[in-house]
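Data file: data22.txt. Format and content: compact mmCIF, C-alpha atoms.
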# COMPACT_ATOMS: atom_id res chain seq x y z
CA MET A 913 105.58 103.44 147.75
CA ASN A 914 105.28 99.84 146.54
CA VAL A 915 103.52 97.17 148.61
CA LEU A 916 103.20 93.49 147.68
CA VAL A 917 100.40 91.17 148.80
CA THR A 918 99.59 87.59 147.80
CA LEU A 919 96.33 85.88 148.63
CA ASN A 920 93.28 83.89 147.60
CA SER A 921 89.58 84.68 148.02
CA SER A 922 89.44 83.73 151.70
CA TYR A 923 91.78 86.59 152.62
CA ILE A 924 90.10 89.46 150.77
CA ARG A 925 88.32 90.72 153.88
CA PRO A 926 91.48 90.73 156.06
CA LEU A 927 93.35 92.35 153.17
CA LYS A 928 90.91 95.26 153.14
CA VAL A 929 91.28 95.72 156.88
CA MET A 930 95.07 95.70 156.59
CA LEU A 931 94.94 98.19 153.73
CA LYS A 932 92.54 100.46 155.63
CA SER A 933 94.99 100.59 158.53
CA LEU A 934 97.87 101.23 156.11
CA PHE A 935 96.09 104.10 154.39
CA LEU A 936 94.82 105.74 157.58
CA SER A 937 98.20 105.53 159.32
CA ASN A 938 100.02 106.97 156.30
CA THR A 939 97.69 109.63 154.98
CA GLU A 940 100.46 111.58 153.25
CA GLU A 941 101.61 108.56 151.21
CA ARG A 942 100.26 107.17 147.95
CA PHE A 943 100.76 103.46 147.47
CA CYS A 944 100.95 101.13 144.53
CA ILE A 945 99.61 97.77 145.71
CA TYR A 946 100.91 94.82 143.72
CA LEU A 947 98.62 91.81 144.13
CA MET A 948 100.02 88.44 143.04
CA GLN A 949 97.30 85.84 142.63
CA SER A 950 96.08 82.95 140.53
CA SER A 951 92.50 82.32 141.65
CA LEU A 952 90.60 85.56 142.26
CA THR A 953 87.62 86.22 140.02
CA PRO A 954 87.36 89.34 137.85
CA GLN A 955 84.61 90.59 140.19
CA GLU A 956 86.83 90.13 143.25
CA LEU A 957 89.73 91.92 141.58
CA GLU A 958 87.52 94.81 140.55
CA ASP A 959 86.18 95.08 144.09
CA VAL A 960 89.72 95.29 145.50
CA ARG A 961 90.70 97.80 142.79
CA GLU A 962 87.79 100.10 143.60
CA TYR A 963 88.57 99.88 147.31
CA ILE A 964 92.22 100.87 146.80
CA GLU A 965 91.45 103.66 144.34
CA MET A 966 88.86 105.03 146.76
CA HIS A 967 91.79 105.67 149.13
CA GLY A 968 93.89 107.49 146.54
CA SER A 969 96.23 104.60 145.75
CA ARG A 970 96.34 102.18 142.83
CA LEU A 971 96.33 98.45 142.22
CA GLU A 972 98.53 96.43 139.90
CA VAL A 973 97.42 92.81 139.48
CA ILE A 974 99.94 90.11 138.65
CA THR A 975 97.99 87.03 137.61
CA LEU A 976 99.94 83.79 137.47
CA ASP A 977 98.58 80.89 135.46
CA ASN A 978 99.27 77.18 135.68
CA SER A 979 102.39 77.49 133.53
CA CYS A 980 104.15 79.29 136.37
CA PHE A 981 106.08 77.10 138.80
CA THR A 982 105.31 73.95 136.80
CA ASP A 983 108.57 72.45 138.03
CA ALA A 984 108.05 73.52 141.61
CA PRO A 985 107.55 70.76 144.19
CA VAL A 986 104.50 71.22 146.42
CA LEU A 987 103.54 69.81 149.80
CA LEU A 988 100.33 68.28 151.09
CA HIS A 989 98.93 71.45 152.67
CA TYR A 990 100.89 74.10 150.76
CA THR A 991 100.51 74.93 147.09
CA LYS A 992 102.52 76.78 144.47
CA GLU A 993 101.39 80.02 146.07
CA MET A 994 104.04 79.54 148.73
CA TYR A 995 106.64 80.54 146.12
CA TYR A 996 105.01 83.84 145.20
CA ARG A 997 106.79 86.11 147.66
CA LEU A 998 110.13 84.32 147.24
CA LEU A 999 110.14 84.70 143.46
CA ALA A 1000 108.16 87.91 143.14
CA PHE A 1001 111.18 89.64 141.62
CA LYS A 1002 110.59 87.60 138.44
CA PHE A 1003 107.18 89.17 137.88
CA LEU A 1004 107.54 92.70 139.23
CA PRO A 1005 108.71 95.53 136.96
CA ARG A 1006 112.39 95.21 136.09
CA ASP A 1007 113.08 98.84 137.00
CA MET A 1008 111.67 98.42 140.53
CA ASP A 1009 114.42 98.28 143.17
CA ARG A 1010 112.40 97.57 146.32
CA ILE A 1011 108.98 96.60 147.58
CA LEU A 1012 107.41 95.97 150.98
CA TYR A 1013 105.63 92.64 151.37
CA LEU A 1014 102.85 92.46 154.00
CA ASP A 1015 100.72 89.54 155.16
CA PRO A 1016 96.97 90.27 155.27
CA ASP A 1017 96.78 89.39 159.00
CA ILE A 1018 98.55 92.61 159.97
CA LEU A 1019 97.49 96.00 161.28
CA VAL A 1020 99.57 99.05 160.32
CA ILE A 1021 99.28 101.59 163.13
CA ASN A 1022 102.14 104.00 162.42
CA LYS A 1023 104.11 105.38 159.49
CA VAL A 1024 106.03 102.96 157.27
CA GLY A 1025 108.34 105.48 155.61
CA ASN A 1026 111.39 104.94 157.83
CA LEU A 1027 111.31 101.21 157.21
CA TYR A 1028 110.75 101.60 153.50
CA GLU A 1029 113.84 103.80 153.16
CA THR A 1030 116.09 101.40 155.11
CA ASP A 1031 119.52 100.91 153.56
CA LEU A 1032 119.49 97.38 152.08
CA GLU A 1033 122.95 97.47 150.55
CA GLY A 1034 124.25 93.89 150.54
CA TYR A 1035 121.00 92.39 151.90
CA LEU A 1036 118.27 90.53 150.05
CA TYR A 1037 115.64 91.35 152.67
CA ALA A 1038 114.99 93.22 155.88
CA ALA A 1039 112.86 91.24 158.35
CA ALA A 1040 112.33 90.62 162.06
CA TYR A 1041 112.61 87.46 164.10
CA HIS A 1042 110.49 86.65 167.14
CA ASP A 1043 112.79 86.12 170.09
CA VAL A 1044 110.07 85.18 172.56
CA ILE A 1045 111.08 81.55 173.00
CA SER A 1046 114.40 80.52 171.51
CA VAL A 1047 113.82 78.12 168.63
CA LYS A 1048 117.08 78.84 166.83
CA GLU A 1049 118.76 75.55 167.73
CA PHE A 1050 115.67 73.54 166.82
CA ASN A 1051 115.43 75.23 163.43
CA LYS A 1052 119.14 74.80 162.80
CA LEU A 1053 118.76 71.04 163.17
CA ARG A 1054 115.47 70.86 161.31
CA LEU A 1055 116.71 72.87 158.32
CA ASN A 1056 120.36 71.73 158.40
CA SER A 1057 121.38 75.37 158.61
CA TYR A 1058 123.95 75.41 161.37
CA ASP A 1059 125.19 78.94 160.75
CA MET A 1060 121.71 80.48 160.94
CA ASP A 1061 121.75 83.28 163.51
CA ALA A 1062 117.97 83.79 163.70
CA TYR A 1063 114.70 82.45 162.33
CA TYR A 1064 113.01 85.36 160.57
CA ASN A 1065 109.28 85.84 160.19
CA SER A 1066 108.23 86.26 156.55
CA GLY A 1067 105.05 88.26 157.25
CA VAL A 1068 106.84 91.60 156.81
CA LEU A 1069 109.61 91.68 154.23
CA LEU A 1070 111.35 94.68 152.76
CA MET A 1071 112.74 93.26 149.51
CA ASN A 1072 115.89 94.30 147.67
CA LEU A 1073 114.67 93.31 144.20
CA ARG A 1074 117.84 94.37 142.42
CA LEU A 1075 120.01 92.04 144.49
CA GLN A 1076 117.44 89.24 144.39
CA ARG A 1077 117.56 89.25 140.60
CA GLU A 1078 121.31 88.74 140.85
CA GLN A 1079 121.52 86.18 143.65
CA VAL A 1080 118.26 84.24 144.14
CA GLU A 1081 118.15 81.07 142.05
CA GLU A 1082 114.74 79.56 141.37
CA GLN A 1083 116.15 76.06 140.88
CA ALA A 1084 118.00 76.19 144.19
CA ILE A 1085 114.70 76.86 145.94
CA TYR A 1086 113.03 73.92 144.19
CA GLU A 1087 115.91 71.61 145.05
CA PHE A 1088 115.80 72.63 148.70
CA VAL A 1089 112.06 71.95 148.92
CA GLU A 1090 112.40 68.58 147.21
CA LYS A 1091 115.20 67.55 149.55
CA ASN A 1092 113.54 68.77 152.76
CA LYS A 1093 109.83 68.09 152.22
CA VAL A 1094 109.34 66.20 155.47
CA LYS A 1095 111.04 68.93 157.52
CA LEU A 1096 109.19 71.98 156.27
CA ILE A 1097 106.63 73.35 158.75
CA MET A 1098 106.22 76.87 157.35
CA PRO A 1099 107.52 76.28 153.82
CA ASP A 1100 108.08 79.79 152.45
CA GLN A 1101 109.46 80.95 155.80
CA ASP A 1102 111.64 77.85 156.15
CA ILE A 1103 113.05 78.37 152.65
CA LEU A 1104 113.75 82.03 153.37
CA ASN A 1105 115.68 81.20 156.52
CA ALA A 1106 117.53 78.10 155.38
CA LEU A 1107 118.81 79.62 152.15
CA TYR A 1108 119.03 83.35 152.83
CA ALA A 1109 119.23 84.05 156.58
CA LYS A 1110 122.75 85.44 156.24
CA LYS A 1111 121.44 87.93 153.68
CA ILE A 1112 118.63 89.28 155.86
CA LEU A 1113 118.96 92.58 157.70
CA GLY A 1114 117.44 92.16 161.15
CA LEU A 1115 114.68 94.53 162.27
CA ASP A 1116 113.31 95.28 165.72
CA GLU A 1117 110.34 92.93 166.08
CA LYS A 1118 108.50 95.21 168.51
CA LEU A 1119 108.53 97.95 165.89
CA TYR A 1120 108.15 96.05 162.65
CA ASN A 1121 106.59 92.66 163.39
CA TYR A 1122 104.95 92.84 166.80
CA ASP A 1123 103.49 89.43 167.63
CA ALA A 1124 100.02 90.15 169.04
CA ARG A 1125 100.18 87.03 171.23
CA PHE A 1126 103.07 88.27 173.38
CA TYR A 1127 102.10 91.65 174.85
CA ARG A 1128 102.90 90.54 178.40
CA TYR A 1129 106.26 89.10 177.42
CA TYR A 1130 107.34 92.26 175.58
CA LYS A 1131 106.26 94.44 178.50
CA LEU A 1132 107.99 92.24 181.08
CA THR A 1133 111.29 91.92 179.22
CA SER A 1134 111.43 95.68 178.59
CA ASN A 1135 110.92 96.50 182.29
CA GLY A 1136 107.52 97.94 181.52
CA LEU A 1137 108.60 100.21 178.65
CA TRP A 1138 106.53 98.42 176.03
CA ASP A 1139 103.15 99.01 177.62
CA MET A 1140 100.03 99.68 175.55
CA ASP A 1141 100.76 103.40 175.22
CA HIS A 1142 104.24 102.68 173.89
CA VAL A 1143 102.95 100.11 171.41
CA ILE A 1144 100.30 102.44 170.02
CA ARG A 1145 102.77 105.30 169.64
CA ASN A 1146 105.72 103.35 168.21
CA THR A 1147 104.85 99.97 166.74
CA VAL A 1148 104.35 100.01 162.97
CA PHE A 1149 103.03 96.49 162.33
CA ILE A 1150 100.99 94.37 164.70
CA HIS A 1151 101.02 90.82 163.34
CA PHE A 1152 98.33 88.35 164.33
CA CYS A 1153 100.56 85.30 164.07
CA GLY A 1154 99.35 81.76 164.64
CA LYS A 1155 96.10 79.96 163.92
CA LYS A 1156 93.82 82.24 165.95
CA LYS A 1157 92.82 85.26 163.88
CA PRO A 1158 91.11 88.46 165.10
CA TRP A 1159 88.38 88.36 162.45
CA ASN A 1160 87.05 85.10 163.92
CA LYS A 1161 84.34 85.32 166.57
CA ASP A 1162 86.23 83.12 169.04
CA TYR A 1163 89.30 85.38 169.08
CA THR A 1164 90.00 86.86 172.53
CA GLY A 1165 93.46 88.41 172.17
CA ARG A 1166 94.48 91.70 173.76
CA PHE A 1167 94.41 93.58 170.45
CA GLN A 1168 90.95 92.36 169.44
CA SER A 1169 89.31 95.76 170.00
CA LEU A 1170 91.93 97.53 167.92
CA TYR A 1171 91.40 95.09 165.07
CA LYS A 1172 87.61 95.42 165.34
CA HIS A 1173 88.02 99.19 165.14
CA PHE A 1174 89.79 98.99 161.79
CA GLU A 1175 87.47 96.23 160.60
CA ARG A 1176 84.47 98.49 161.24
CA LEU A 1177 86.17 101.30 159.31
CA ALA A 1178 86.82 98.94 156.40
CA TYR A 1179 83.29 97.50 156.52
CA PRO A 1180 81.01 100.22 157.96
CA ASP A 1181 77.77 98.50 156.97
Now that the file is in, can you turn its structure into structure tokens?
Amino acid sequence: MNVLVTLNSSYIRPLKVMLKSLFLSNTEERFCIYLMQSSLTPQELEDVREYIEMHGSRLEVITLDNSCFTDAPVLLHYTKEMYYRLLAFKFLPRDMDRILYLDPDILVINKVGNLYETDLEGYLYAAAYHDVISVKEFNKLRLNSYDMDAYYNSGVLLMNLRLQREQVEEQAIYEFVEKNKVKLIMPDQDILNALYAKKILGLDEKLYNYDARFYRYYKLTSNGLWDMDHVIRNTVFIHFCGKKKPWNKDYTGRFQSLYKHFERLAYPD
């Protein structure tokens, strides 16, 4: 099973926690982790490699140098790295048909196999959107995408690489960014939605991109079905969206203990 991650040095520790949860929740699977990066040191890469191999999986590093994305427009607080997941199909093996992208600020608490085998015929991606507070109309106006049905979160993406190679145009992405610089709040996510929302297969957010901030909302709107027991038994990905992260000492979210459990397993000393 192929998994894609992109990061810099500051996210190595969360990456290891996410991977620990992935491996422990899917003990029968062997993963190939593709890591796209441009700034990790050889020592950091070797450390990640040893960690992954210790769990019976393997690492493939895709190192991008400064010649990549030389024509890509960048924003004040976002760099060329924001293009990595959108254009990953250019750098991944040509015979690879699909890959699962995961943000490092995620816990995997159940099996990923059903998602990975999802039929993607005709879709570039499978992803979930957070329907907690409706922001669809706001994002339609902001991104000039009036036929957008939902605003998808880019933290979990099942990618149809074969179709992306046929339909995703690098220059179209650059042109969109250049034209909409002042409007982009979450650049890679904004690009994904503005250009490709109609080609995204919608997933159940409570299963595949559970926003850790909204436990009470999910429970209330499901008439109590999605209580803690139901989450633990059914949710695949818990996503720690937003600025507050569970590895910081000031984090007080409901799933803090669960995260600390996996963090201790990843870093026992």
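Across A:Pro1016, A:Phe935, A:Tyr995, A:Leu1027, the tightest approach to Ser922 (chain A) is made by A:Pro1016 when counting all atoms listed in the file.
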Quick one: residues within 10 Å of region 971-985 of chain A, all atoms listed in the file, excluding same-chain residues fewer than 4 positions away - as an NGL selection string?
:A and (915-918 or 943-952 or 957-958 or 960-965 or 990-993 or 995-996 or 999-1000 or 1003-1004 or 1082-1083 or 1085-1091 or 1093)
What lies within 12 Å of Leu1137 (chain A) using only C-alpha atoms, ignoring chain neighbours under 6 positions off, as a short mmCIF file (atom, residue, chain, number, x, y, z; two decimals) with C-alpha atoms, in the coordinates of the input?
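As written to disk, result_33.cif reads:
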data_model
loop_
_atom_site.label_atom_id
_atom_site.label_comp_id
_atom_site.auth_asym_id
_atom_site.auth_seq_id
_atom_site.Cartn_x
_atom_site.Cartn_y
_atom_site.Cartn_z
CA LYS A 1118 108.50 95.21 168.51
CA TYR A 1127 102.10 91.65 174.85
CA ARG A 1128 102.90 90.54 178.40
CA TYR A 1129 106.26 89.10 177.42
CA TYR A 1130 107.34 92.26 175.58
CA LYS A 1131 106.26 94.44 178.50
CA VAL A 1143 102.95 100.11 171.41
CA ARG A 1145 102.77 105.30 169.64
CA ASN A 1146 105.72 103.35 168.21
#
Have a look at CA of Asn1022 (chain A) and CA of Pro1158 (chain A) and let me know their distance in Å, one decimal.
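Going from CA of Asn1022 (chain A) over to CA of Pro1158 (chain A), I get 19.2 Å.
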What's the separation between CA of Leu1115 (chain A) and CA of Thr1147 (chain A), in Å to one decimal place?
12.1 Å
I'd like the contact shell of Phe1174 (chain A) - 12 Å cut-off, all atoms listed in the file, skipping same-chain residues fewer than 6 positions apart - returned as a short mmCIF file (atom, residue, chain, number, x, y, z; two decimals) with C-alpha atoms, keeping the file's coordinate frame.
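Once everything was written out, this is part.cif:
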data_model
loop_
_atom_site.label_atom_id
_atom_site.label_comp_id
_atom_site.auth_asym_id
_atom_site.auth_seq_id
_atom_site.Cartn_x
_atom_site.Cartn_y
_atom_site.Cartn_z
CA ARG A 925 88.32 90.72 153.88
CA PRO A 926 91.48 90.73 156.06
CA LEU A 927 93.35 92.35 153.17
CA LYS A 928 90.91 95.26 153.14
CA VAL A 929 91.28 95.72 156.88
CA MET A 930 95.07 95.70 156.59
CA LEU A 931 94.94 98.19 153.73
CA LYS A 932 92.54 100.46 155.63
CA SER A 933 94.99 100.59 158.53
CA LEU A 934 97.87 101.23 156.11
CA PHE A 935 96.09 104.10 154.39
CA LEU A 936 94.82 105.74 157.58
CA SER A 937 98.20 105.53 159.32
CA ILE A 1018 98.55 92.61 159.97
CA LEU A 1019 97.49 96.00 161.28
CA VAL A 1020 99.57 99.05 160.32
CA ILE A 1021 99.28 101.59 163.13
CA PRO A 1158 91.11 88.46 165.10
CA TRP A 1159 88.38 88.36 162.45
CA PHE A 1167 94.41 93.58 170.45
CA GLN A 1168 90.95 92.36 169.44
CA PRO A 1180 81.01 100.22 157.96
#
To one decimal place, how far is CA of Phe1149 (chain A) from CA of Asp1116 (chain A) in Å?
10.9 Å
Ref. answer, residues at most 10 Å from (116.9, 95.6, 155.4) with all atoms listed in the file, as a PyMOL selection string
chain A and resi 1027-1040+1069-1072+1111-1115
May I have the residues from that selection written out with C-alpha atoms, as a CSV table (one decimal), in the coordinates of the input?
chain,number,residue,atom,x,y,z
A,1027,LEU,CA,111.3,101.2,157.2
A,1028,TYR,CA,110.8,101.6,153.5
A,1029,GLU,CA,113.8,103.8,153.2
A,1030,THR,CA,116.1,101.4,155.1
A,1031,ASP,CA,119.5,100.9,153.6
A,1032,LEU,CA,119.5,97.4,152.1
A,1033,GLU,CA,123.0,97.5,150.6
A,1034,GLY,CA,124.2,93.9,150.5
A,1035,TYR,CA,121.0,92.4,151.9
A,1036,LEU,CA,118.3,90.5,150.0
A,1037,TYR,CA,115.6,91.4,152.7
A,1038,ALA,CA,115.0,93.2,155.9
A,1039,ALA,CA,112.9,91.2,158.4
A,1040,ALA,CA,112.3,90.6,162.1
A,1069,LEU,CA,109.6,91.7,154.2
A,1070,LEU,CA,111.4,94.7,152.8
A,1071,MET,CA,112.7,93.3,149.5
A,1072,ASN,CA,115.9,94.3,147.7
A,1111,LYS,CA,121.4,87.9,153.7
A,1112,ILE,CA,118.6,89.3,155.9
A,1113,LEU,CA,119.0,92.6,157.7
A,1114,GLY,CA,117.4,92.2,161.2
A,1115,LEU,CA,114.7,94.5,162.3
Give the answer as one residue: which of A:Lys1155, A:Lys1161, A:Arg1166, A:Arg997 has the shortest atom-to-atom distance to Gln1076 (chain A), using all atoms listed in the file?
A:Arg997
Test item: which residues lie within 6 Å of (113.9, 80.6, 149.7) counting all atoms listed in the file, as a PyMOL selection string:
chain A and resi 998+1085+1103-1104+1107
